[in-house]
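> Once you've had a glance at the structure underneath, I'll fire off some questions.
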Amino acid sequence: MLIHMKNCILFLMVTWQLVVADLPGQSEFNLSGGYAVTIHGTMSSHNWVETIGEVTGDMVAGRRAGGGADVTSIRIVMGVRSIRSDMGTVMDNRTYKALKADADPQITFLLDAPVIILPFRRGEKPIALLGHLTLAGVTRPVTLMVDYFEVTSESMRFEGRQMIKMTDFGVKPPSALFGTLRAGSDITIYFKTVFTILSK
């Protein structure tokens with residue numbers, strides 16, 4: 001019964017995405033190059049940064065008069081083994097182990113529901129996008145904060161951050177120097193992405 005319900009939910013999600021992609025004014029976008037996605041955290045003695053090298057994604061959205069957008073769906077997929085730490089390969093390998101890279105090689109964000117994004121400037125109140133993040137095989141609701149959003153004739157640019165607690169996903173924070181330095185559970189994912197419209 002559970003497998004049947006999961007299959008039904010997946011079918012409805014795929015069907016919904018196919019339907020909304022054909023709505024008037026809606027277009028399909030792909031994540032283009034030039035993105036920057038980093039993970040920021042803390043240890044007992046200093047902060048640390050990891051860069052995610054492989055990121056793909058797609059979006060369905062439509063432009064609104066005045067520079068806003070009707071965003072129907074967003075999917076962002078990040079490769080766990082493309083993560084590189086500023087603390088070297090030892091920390092990289094500990095990160096892969098903590099995130100269960102062999103069993104779950106991807107981190108995925110999915111937007112929960114369509115949202116209208118109105119124009120706003122840098123420094124103004126950020127926009128909250130509700131979605132689900134799958135990390136180390138565990139899926140949890142998250143809030144992605146958009147600090148900057150720009151619409152052009154061919155693309156949409158997002159910049160923002162997403163704060164998560166690793167232990168919420170069953171992840172034991174990685175350590176360094178033979179366990180003498182352990183990362184804190186709270187991390188922030190910062191992102192700069194550009195979605196480019198697909199040619200029709």
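So you can find residues: chains in the structure tokens are A, B, ... in the order shown, residues in each start at 1, and ligands are numbered from 1 in order.
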So which bits of region 30-173 of chain A end up alpha helix (DSSP H) when you DSSP the backbone, as number ranges by chain?
A: 89-98
> For region 63-69 of chain A, work out the shell of residues within 10 Å, counting only C-alpha atoms and skipping chain neighbours fewer than 3 positions away, then give it as a list in words.
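Near region 63-69 of chain A, the qualifying residues are Gly25, Gln26, Ser27, Thr72, Val115, Ile116, Ile117, Leu118, Pro119, Phe120, Phe149, Glu150, Val151, Thr152, Ser153, Ser155 and Met156 of chain A.
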> Any chance you can output those residues with all heavy atoms as a short mmCIF file (atom, residue, chain, number, x, y, z; two decimals), in the first residue's frame?

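Dumped everything to out30.cif:
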```cif
data_model
loop_
_atom_site.label_atom_id
_atom_site.label_comp_id
_atom_site.auth_asym_id
_atom_site.auth_seq_id
_atom_site.Cartn_x
_atom_site.Cartn_y
_atom_site.Cartn_z
N GLY A 25 1.96 31.74 -20.85
CA GLY A 25 2.94 32.58 -20.18
C GLY A 25 4.00 31.83 -19.41
O GLY A 25 4.94 32.42 -18.91
N GLN A 26 3.86 30.50 -19.30
CA GLN A 26 4.83 29.70 -18.57
C GLN A 26 5.92 29.18 -19.52
O GLN A 26 5.63 28.81 -20.65
CB GLN A 26 4.15 28.51 -17.90
CG GLN A 26 3.18 28.89 -16.80
CD GLN A 26 3.89 29.28 -15.52
OE1 GLN A 26 4.65 28.51 -14.95
NE2 GLN A 26 3.63 30.47 -15.04
N SER A 27 7.15 29.19 -19.05
CA SER A 27 8.28 28.71 -19.85
C SER A 27 9.14 27.79 -19.00
O SER A 27 9.14 27.87 -17.77
CB SER A 27 9.12 29.88 -20.35
OG SER A 27 8.37 30.75 -21.17
N THR A 72 6.38 28.29 -10.89
CA THR A 72 5.56 27.11 -10.69
C THR A 72 6.34 25.97 -10.06
O THR A 72 5.84 25.27 -9.19
CB THR A 72 4.97 26.64 -12.04
OG1 THR A 72 4.18 27.70 -12.58
CG2 THR A 72 4.10 25.41 -11.86
N VAL A 115 4.61 29.99 -6.52
CA VAL A 115 4.75 31.21 -5.73
C VAL A 115 4.89 32.40 -6.67
O VAL A 115 5.46 32.28 -7.76
CB VAL A 115 5.98 31.10 -4.79
CG1 VAL A 115 7.27 30.95 -5.59
CG2 VAL A 115 6.07 32.31 -3.87
N ILE A 116 4.36 33.53 -6.26
CA ILE A 116 4.51 34.78 -7.01
C ILE A 116 5.64 35.58 -6.37
O ILE A 116 5.61 35.84 -5.16
CB ILE A 116 3.22 35.61 -7.00
CG1 ILE A 116 2.10 34.85 -7.71
CG2 ILE A 116 3.44 36.96 -7.66
CD1 ILE A 116 0.75 35.53 -7.62
N ILE A 117 6.63 35.95 -7.16
CA ILE A 117 7.74 36.76 -6.67
C ILE A 117 7.63 38.14 -7.29
O ILE A 117 7.69 38.29 -8.51
CB ILE A 117 9.10 36.13 -7.03
CG1 ILE A 117 9.22 34.74 -6.40
CG2 ILE A 117 10.25 37.03 -6.55
CD1 ILE A 117 10.53 34.05 -6.69
N LEU A 118 7.45 39.14 -6.45
CA LEU A 118 7.35 40.52 -6.92
C LEU A 118 8.73 41.17 -6.88
O LEU A 118 9.61 40.75 -6.12
CB LEU A 118 6.36 41.30 -6.05
CG LEU A 118 4.92 40.76 -6.05
CD1 LEU A 118 4.06 41.57 -5.10
CD2 LEU A 118 4.33 40.76 -7.45
N PRO A 119 8.95 42.21 -7.67
CA PRO A 119 10.28 42.86 -7.70
C PRO A 119 10.66 43.41 -6.33
O PRO A 119 9.82 43.94 -5.60
CB PRO A 119 10.09 43.98 -8.72
CG PRO A 119 8.92 43.57 -9.55
CD PRO A 119 8.01 42.82 -8.63
N PHE A 120 11.93 43.28 -5.96
CA PHE A 120 12.44 43.90 -4.75
C PHE A 120 13.93 44.12 -4.92
O PHE A 120 14.58 43.49 -5.74
CB PHE A 120 12.14 43.04 -3.51
CG PHE A 120 12.93 41.77 -3.42
CD1 PHE A 120 14.01 41.66 -2.55
CD2 PHE A 120 12.60 40.66 -4.20
CE1 PHE A 120 14.73 40.49 -2.46
CE2 PHE A 120 13.32 39.49 -4.11
CZ PHE A 120 14.39 39.40 -3.24
N PHE A 149 16.61 38.84 -6.65
CA PHE A 149 15.91 38.18 -7.75
C PHE A 149 15.84 39.15 -8.93
O PHE A 149 15.49 40.31 -8.76
CB PHE A 149 14.49 37.79 -7.31
CG PHE A 149 13.66 37.19 -8.40
CD1 PHE A 149 13.95 35.93 -8.89
CD2 PHE A 149 12.58 37.88 -8.92
CE1 PHE A 149 13.17 35.37 -9.89
CE2 PHE A 149 11.80 37.32 -9.92
CZ PHE A 149 12.10 36.07 -10.41
N GLU A 150 16.21 38.66 -10.11
CA GLU A 150 16.23 39.51 -11.29
C GLU A 150 15.65 38.74 -12.48
O GLU A 150 15.99 37.58 -12.71
CB GLU A 150 17.66 39.95 -11.61
CG GLU A 150 17.78 40.82 -12.85
CD GLU A 150 19.22 41.13 -13.20
OE1 GLU A 150 20.10 40.32 -12.85
OE2 GLU A 150 19.47 42.16 -13.83
N VAL A 151 14.78 39.40 -13.24
CA VAL A 151 14.17 38.80 -14.42
C VAL A 151 14.62 39.56 -15.66
O VAL A 151 14.57 40.79 -15.69
CB VAL A 151 12.63 38.84 -14.34
CG1 VAL A 151 12.00 38.24 -15.59
CG2 VAL A 151 12.14 38.10 -13.11
N THR A 152 15.09 38.82 -16.67
CA THR A 152 15.39 39.43 -17.97
C THR A 152 14.54 38.72 -19.02
O THR A 152 13.75 37.83 -18.70
CB THR A 152 16.88 39.29 -18.32
OG1 THR A 152 17.17 37.92 -18.60
CG2 THR A 152 17.76 39.78 -17.17
N SER A 153 14.73 39.08 -20.26
CA SER A 153 13.94 38.47 -21.32
C SER A 153 14.28 36.99 -21.52
O SER A 153 13.46 36.22 -22.02
CB SER A 153 14.16 39.22 -22.64
OG SER A 153 15.53 39.18 -23.01
N SER A 155 16.29 35.09 -18.92
CA SER A 155 16.76 34.38 -17.74
C SER A 155 16.13 34.92 -16.46
O SER A 155 15.49 35.98 -16.46
CB SER A 155 18.29 34.50 -17.63
OG SER A 155 18.66 35.84 -17.37
N MET A 156 16.30 34.17 -15.38
CA MET A 156 15.92 34.59 -14.04
C MET A 156 17.06 34.25 -13.10
O MET A 156 17.57 33.13 -13.10
CB MET A 156 14.64 33.89 -13.58
CG MET A 156 13.41 34.27 -14.41
SD MET A 156 11.88 33.64 -13.71
CE MET A 156 10.73 34.11 -15.03
#
```
> Enter the distance from CA of Thr56 (chain A) to CA of Thr38 (chain A), in Å, rounded to one decimal.
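Separation between CA of Thr56 (chain A) and CA of Thr38 (chain A): 14.3 Å.
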> So, with only C-alpha atoms as the atoms that count, which of A:Ile164, A:Leu129, A:Ile74, A:Val60 lies closest to Leu110 (chain A)?
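Closest to Leu110 (chain A) of all the choices is A:Ile74.
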> Region 132-178 of chain A near region 80-104 of chain A within 6 Å: what's each residue's closest atom pair and its distance in Å to one decimal, counting only C-alpha atoms, ordered by chain then ascending residue number, as a tab-separated table?

```
residue	atom	partner	partner_atom	distance
A:Ala136	CA	A:Leu99	CA	4.9
A:Gly137	CA	A:Asp104	CA	5.7
A:Val171	CA	A:Ala98	CA	5.9
A:Lys172	CA	A:Ala98	CA	6.0
A:Pro174	CA	A:Arg94	CA	5.7
```
> Tell me which protein, DNA and RNA residues are within 10 Å of Met145 (chain A), counting only C-alpha atoms, leaving out same-chain ones fewer than 3 positions away, and put them as a ChimeraX atom specification.
/A:125-130,142,148,158-163,190
> From a DSSP calculation on the backbone, collect every residue of region 4-197 of chain A in strand (DSSP E or B) and output the set as an MDAnalysis selection string.
chainID A and resid 27:31 36:42 47:52 55:63 69:79 83:85 106:111 115:117 127:135 138:151 155:165 175:176 181:182 186:197
> Skipping near chain neighbours, those fewer than 3 positions away, what residues fall within 9 Å of Ser32 (chain A) using only C-alpha atoms, listed as a ChimeraX atom specification?
/A:29,35,56-57,193-196
> Between A:Leu198, A:Glu154, A:Ser185, A:Lys192, single out the one closest to Gly41 (chain A), counting only C-alpha atoms.
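Nearest to Gly41 (chain A): A:Ser185.
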> Expressed in Å to a single decimal, how great is the separation between CA of Val49 (chain A) and CA of Arg121 (chain A)?
27.0 Å
